[in-house]
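Below is one structure, written out as structure tokens; comments come after it.
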Amino acid sequence: MMNKEEARQKLMEYLYDELPVDEKSEMERIIATDPSLKEDLKEMKQMQKLMQFAPKEKPQPPLVFIQPDVESSSLNDRGKDKKRFAGLPPAAVTALSIAASILIILFGSALAGLQVTSSADGFSVEFGEVATVPQEDEHIGVTDEDLIRLAEQIRTENSLLISTMMDDLQDQQRQQLQEAIQVLNAYYVQQREEDLTIIANGMNQLQVETAYKFLQTDETIENIIYALNNQ
Amino acid sequence: MAKQTDIAVLEEVRRGNSTAFGTLVEQWQDPIHRFAYRFFYNTEDAREITQKTFIRVYRNLDQLDDPRKFSPWIYRIAKNLCLDELKRAGRQRSSPLELVKAGQIHNETPSAKIESKELGEWIQKALLAIPDEQRMVIIMKEYEELTFKEIAEILSEPESTVKSRLYYGFKKLREILNSWNINTNYLNDE
């Protein structure tokens with residue numbers, strides 16, 4: 001034997017046809033013999049009918065969904081984005097770092113008065129003015145001409161070596177700067193395209209919403225006219 | 001619970017398919033908007049809840065263990081957002097039942113038989129006057145056509161509680177409409 005609360009719950013299942021077939025016929029028998037349940041069922045059915053009169057919402061303009069960083073992230077690797085610097089791709093960050101380091105070295109060298117000189121004893125790297133050491137004649141068993149020739153040869157070789165190194169360094173710097181500029185350029189082009197897409201989507205959304213507002217206004221005016229006519 | 005297409009789309013979204021989430025939004029925008037609209041009876045609120053729901057879905061989709069349970073999951077998100085909004089707005093949106101009982105709305109209501117369009121308006125207003133948890137169940141059952149089992153899962157409540165809320169919600173609605181002198185054959189006929 002069911003208590004009143006259980007009977008009401010079964011009644012709700014019966015009302016929405018969610019009772020198993022065997023329980024359904026049993027429930028019908030119980031309802032037929034219980035006037036209060038019968039009255040409840042009648043009221044519930046009336047309410048079900050009434051609910052269908054509630055105003056229906058008009059279809060909404062489609063939501064514009066702009067997925068953040070479509071190309072490089074998925075739902076599973078979004079956390080990795082945190083490592084990115086100011087929204088730049090990792091390759092651009094690397095190139096920019098290299099370029100910045102070179103610029104700092106060059107600027108620092110210029111400020112400190114870096115001097116790279118070569119002599120018969122090898123290379124010397126000095127900051128500020130080059131100290132001039134008085135040369136003393138040395139006699140080590142070779143003639144002055146030999147010494148002069150040897151010094152000339154070493155100087156020539158050193159000059160060539162330094163010249164080659166400087167050229168290589170300049171080429172390397174130029175190449176790195178070009179790469180950095182290309183990466184930056186590509187980034188700005190991509191950003192521009194994304195911005196344009198966002199603006200275009202926003203304009204479309206605004207257009208749709210404006211049209212919808214017009215429709216709503218028209219309908220409100222119609223309702224007011226209808227209400228005024230029926231007064 | 002979730003449709004086969006939902007499951008396939010969810011798999012695509014999880015694989016990083018950028019257009020799949022758009023498809024998901026397309027499929028679920030109307031049900032979620034309709035649900036929120038019934039709850040607040042306000043288009044702007046419904047639109048805001050719908051947008052917030054999809055933002056939350058996007059952020060937390062990796063927390064959904066079983067794609068077959070997407071339907072109760074998204075409704076649960078929308079339900080929580082609706083209740084949060086009510087808290088935030090200090091329950092200004094709905095008319096407390098005490099107000100109804102005190103007869104303050106009574107004087108505004110028509111006593112004559114009303115047109116079906118007006119009747120719909122009063123029904124929706126009456127819905128706003130019943131307790132939130134009862135309104136939620138009525139909307140899910142009557143307009144979203146969810147089963148008791150599905151509603152119980154969304155609300156994290158026993159099925160018996162859901163059925164009781166529906167029963168007492170209907171009773172309360174009827175009482176309110178009667179107190180407003182809403183005289184319609186639907187409340188009196190078989």
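By order in the structure tokens, chains are A, B, ...; within a chain, residues start at 1; ligands start at 1, following the order shown.
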
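For range 131-148 of chain B, the list of residues within 8 Å, based on only C-alpha atoms and with local chain neighbours fewer than 3 positions off taken out, reads Glu18, Gln48 and Met51 of chain A; Pro31, Phe35, Arg38, Phe39, Lys79, Pro96, Leu97, Leu127, Leu128, Ile151, Ala152, Glu159, Val162, Lys163, Arg165, Leu166, Tyr168, Gly169 and Phe170 of chain B.
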